[in-house]
Amino acid sequence: MGKLDGKVCLITGCASGLGKQEAIRFADEGAKLVICDIQEEKLMETKRICEERGAECTAVVVDLASREDREHFVEVAAEKYGTIDVLVNSAHYTTPLQPILAKSLDDLELEYKIGIEAYFHLMQLCWDYMEDHPGYGASIINFGSKAAREGTIGHGVYATIKSGAGAMTRVAAREFGPSNIRVNCIMPNGYTDNCDEGLKKQPPEIQEWAKTAFKDNPFGRAGDPYDDLAPVVVFLASDESHWITGATIHADGGVYISD
Ligand SMILES: NC(=O)c1ccc[n+]([C@@H]2O[C@H](COP(=O)([O-])OP(=O)(O)OC[C@H]3O[C@@H](n4cnc5c(N)ncnc54)[C@H](O)[C@@H]3O)[C@@H](O)[C@H]2O)c1
């Protein structure tokens, strides 16, 4: 028996990176998946893998910066299943990490649209299909980052956006709780091929910093997205976490340890 048997789960950003491994892990736990990403070919590869593992999986090509695309994503799920049990706001788009004074407002706006507006809007859109589920209810998981707490140089835009994801989570937890919907924020660490690709676009000093940053935890190794991170996302999606809401969970091997 899977931990997510029969649950209708929407996950964003599943073409690659953490979102892809979350989708595969959810498939292994019996979820009915509706996944999205802007990268069509890679998204379809994730769908194929999930189906091979026996899951129902619908893949929708979506630009999360577009309001219409977000609406379409939720409509596809609602038309197919009539209900939504889990929303995982995993996708993000990171623009080059630069000092605040060097950063363009266009980059700020783009990250805002994907990392704040899309998270916020998808929570609104899914609410109608999550409200007052019987039993342990429905679950929303938003992706933040320890960058929001650390004030790391060069992370001005990213940290601002990720901090917002935590703040909206706490408000939503209080507002949605009476409707039996819990809302939590996960601060992950998991190294993927995407990190290599993303780092190529970053300034040399950031590339140097990243060589050690991903292993800078008590275990001295980078997290594996499927084995280390995705089970925590499954836990927050499953009924086992039904008494947790408004929490920020660091699933990062102890990269961030603080009060
Ligand atoms: N990887 C880590 O260790 C780490 C650490 C801290 C926080 N995070 C957060 O975890 C989440 C997942 O991380 P990741 O490393 O897999 O991120 P990523 O940036 O590598 O991948 C995110 C996915 O989102 C998709 N995407 C980007 N723009 C999109 C758009 N406009 N519309 C639809 N899809 C779009 C990408 O195509 C990609 O498949 C992100 O929110 C990230 O900020 C990750």
# chains A, B, ... in the order shown; residues from 1 in each chain; ligands from 1
$ closest_atom_pairs --of "chain A" --to "ligand 1" --cutoff "6 Å" --atoms "only C-alpha atoms and all ligand atoms" --output "JSON lines"
{"residue": "A:Gly13", "atom": "CA", "partner": "ligand 1", "partner_atom_place_in_ligand_line": "24 (O)", "distance": 3.6}
{"residue": "A:Cys14", "atom": "CA", "partner": "ligand 1", "partner_atom_place_in_ligand_line": "39 (O)", "distance": 5.3}
{"residue": "A:Ala15", "atom": "CA", "partner": "ligand 1", "partner_atom_place_in_ligand_line": "39 (O)", "distance": 4.2}
{"residue": "A:Ser16", "atom": "CA", "partner": "ligand 1", "partner_atom_place_in_ligand_line": "39 (O)", "distance": 4.0}
{"residue": "A:Gly17", "atom": "CA", "partner": "ligand 1", "partner_atom_place_in_ligand_line": "16 (O)", "distance": 3.4}
{"residue": "A:Leu18", "atom": "CA", "partner": "ligand 1", "partner_atom_place_in_ligand_line": "16 (O)", "distance": 3.6}
{"residue": "A:Gly19", "atom": "CA", "partner": "ligand 1", "partner_atom_place_in_ligand_line": "16 (O)", "distance": 5.4}
{"residue": "A:Asp37", "atom": "CA", "partner": "ligand 1", "partner_atom_place_in_ligand_line": "34 (N)", "distance": 3.8}
{"residue": "A:Ile38", "atom": "CA", "partner": "ligand 1", "partner_atom_place_in_ligand_line": "33 (C)", "distance": 4.0}
{"residue": "A:Gln39", "atom": "CA", "partner": "ligand 1", "partner_atom_place_in_ligand_line": "37 (O)", "distance": 5.3}
{"residue": "A:Val62", "atom": "CA", "partner": "ligand 1", "partner_atom_place_in_ligand_line": "33 (C)", "distance": 5.3}
{"residue": "A:Asp63", "atom": "CA", "partner": "ligand 1", "partner_atom_place_in_ligand_line": "32 (N)", "distance": 3.6}
{"residue": "A:Leu64", "atom": "CA", "partner": "ligand 1", "partner_atom_place_in_ligand_line": "32 (N)", "distance": 3.8}
{"residue": "A:Ala65", "atom": "CA", "partner": "ligand 1", "partner_atom_place_in_ligand_line": "31 (N)", "distance": 5.1}
{"residue": "A:Ser90", "atom": "CA", "partner": "ligand 1", "partner_atom_place_in_ligand_line": "11 (C)", "distance": 4.6}
{"residue": "A:Ala91", "atom": "CA", "partner": "ligand 1", "partner_atom_place_in_ligand_line": "24 (O)", "distance": 3.8}
{"residue": "A:His92", "atom": "CA", "partner": "ligand 1", "partner_atom_place_in_ligand_line": "41 (O)", "distance": 4.3}
{"residue": "A:Tyr93", "atom": "CA", "partner": "ligand 1", "partner_atom_place_in_ligand_line": "27 (C)", "distance": 4.5}
{"residue": "A:Ile114", "atom": "CA", "partner": "ligand 1", "partner_atom_place_in_ligand_line": "31 (N)", "distance": 6.0}
{"residue": "A:Phe143", "atom": "CA", "partner": "ligand 1", "partner_atom_place_in_ligand_line": "41 (O)", "distance": 4.8}
{"residue": "A:Gly144", "atom": "CA", "partner": "ligand 1", "partner_atom_place_in_ligand_line": "7 (C)", "distance": 5.7}
{"residue": "A:Ser145", "atom": "CA", "partner": "ligand 1", "partner_atom_place_in_ligand_line": "7 (C)", "distance": 4.2}
{"residue": "A:Met187", "atom": "CA", "partner": "ligand 1", "partner_atom_place_in_ligand_line": "7 (C)", "distance": 5.8}
{"residue": "A:Pro188", "atom": "CA", "partner": "ligand 1", "partner_atom_place_in_ligand_line": "6 (C)", "distance": 4.8}
{"residue": "A:Asn189", "atom": "CA", "partner": "ligand 1", "partner_atom_place_in_ligand_line": "3 (O)", "distance": 3.5}
{"residue": "A:Gly190", "atom": "CA", "partner": "ligand 1", "partner_atom_place_in_ligand_line": "3 (O)", "distance": 4.0}
{"residue": "A:Tyr191", "atom": "CA", "partner": "ligand 1", "partner_atom_place_in_ligand_line": "3 (O)", "distance": 5.3}
{"residue": "A:Asn194", "atom": "CA", "partner": "ligand 1", "partner_atom_place_in_ligand_line": "20 (O)", "distance": 4.6}
{"residue": "A:Cys195", "atom": "CA", "partner": "ligand 1", "partner_atom_place_in_ligand_line": "20 (O)", "distance": 6.0}
$ select_by_dssp --residues "range 44-128 of chain A" --states "helix (DSSP H, G or I)" --output "count of residues only"
51
$ residues_around --residues "Phe120 in chain A" --least-positions-apart "2" --cutoff "12 Å" --atoms "only C-alpha atoms" --output "PyMOL selection string"
chain A and resi 64-65+67+70+87-89+112-118+122-127+140-143+161+164-169+171-172+183
$ residues_around --residues "Glu22 in chain A" --least-positions-apart "4" --cutoff "8 Å" --atoms "only C-alpha atoms" --output "number ranges by chain"
A: 14, 18, 26, 225-226, 230, 233-234
$ residues_around --residues "Ser139 in chain A" --least-positions-apart "6" --cutoff "8 Å" --atoms "only C-alpha atoms" --output "CSV table (one decimal) with N, CA and C atoms, in the first residue's frame"
chain,number,residue,atom,x,y,z
A,85,ASP,N,-6.3,16.8,-3.9
A,85,ASP,CA,-5.9,16.5,-2.5
A,85,ASP,C,-4.7,17.2,-2.1
A,86,VAL,N,-3.8,17.3,-3.1
A,86,VAL,CA,-2.4,17.8,-2.8
A,86,VAL,C,-2.0,18.8,-3.9
A,87,LEU,N,-1.4,19.9,-3.4
A,87,LEU,CA,-0.7,20.9,-4.4
A,87,LEU,C,0.7,21.0,-3.9
A,181,ILE,N,-7.6,22.2,5.3
A,181,ILE,CA,-6.5,22.2,4.4
A,181,ILE,C,-5.3,22.7,5.2
A,182,ARG,N,-4.2,21.9,5.2
A,182,ARG,CA,-3.0,22.3,5.8
A,182,ARG,C,-2.0,22.8,4.8
A,183,VAL,N,-1.2,23.7,5.2
A,183,VAL,CA,-0.2,24.4,4.3
A,183,VAL,C,1.1,24.5,5.0
A,184,ASN,N,2.1,23.9,4.4
A,184,ASN,CA,3.5,23.9,4.9
A,184,ASN,C,4.5,24.3,3.9
A,236,LEU,N,4.6,15.2,3.9
A,236,LEU,CA,3.8,16.4,4.1
A,236,LEU,C,2.5,16.3,3.3
A,237,ALA,N,2.5,15.5,2.2
A,237,ALA,CA,1.4,15.3,1.3
A,237,ALA,C,0.4,14.2,1.9
A,238,SER,N,1.0,13.3,2.7
A,238,SER,CA,0.2,12.2,3.2
A,238,SER,C,-0.6,12.5,4.5
$ select_by_dssp --residues "range 12-250 of chain A" --states "strand (DSSP E or B)" --output "number ranges by chain"
A: 12, 32-37, 57-61, 86-89, 98, 138-143, 155, 181-188, 248-250
$ closest_residue --among "A:Glu175, A:Glu51, A:Glu109, A:Asp252" --to "Ala213 in chain A" --atoms "only C-alpha atoms"
A:Asp252
$ residues_around --residues "Ala147 in chain A" --least-positions-apart "6" --cutoff "10 Å" --atoms "only C-alpha atoms" --output "number ranges by chain"
A: 153, 155-156, 158-163, 187, 256
$ closest_residue --among "A:Glu41, A:Glu56, A:Ile100, A:Thr95" --to "Thr152 in chain A" --atoms "only C-alpha atoms"
A:Ile100
$ closest_residue --among "A:Phe219, A:Tyr136, A:Tyr129, A:Phe235" --to "Gly177 in chain A" --atoms "only C-alpha atoms"
A:Tyr136
$ atom_distance --atom1 "CA of Gly254 in chain A" --atom2 "CA of Phe214 in chain A"
10.9 Å
$ closest_residue --among "A:Arg174, A:Lys103, A:Lys42, A:Lys32" --to "Lys3 in chain A" --atoms "only C-alpha atoms"
A:Lys32
$ closest_residue --among "A:Gly6, A:Gly154, A:Pro204, A:Gly198" --to "Leu101 in chain A" --atoms "only C-alpha atoms"
A:Gly154
$ closest_residue --among "A:Ile249, A:Ile206, A:Cys185, A:Cys9" --to "Arg170 in chain A" --atoms "only C-alpha atoms"
A:Cys185
$ residues_around --residues "Ile49 in chain A" --least-positions-apart "2" --cutoff "12 Å" --atoms "only C-alpha atoms" --output "number ranges by chain"
A: 14-15, 20-28, 33, 42-47, 51-59
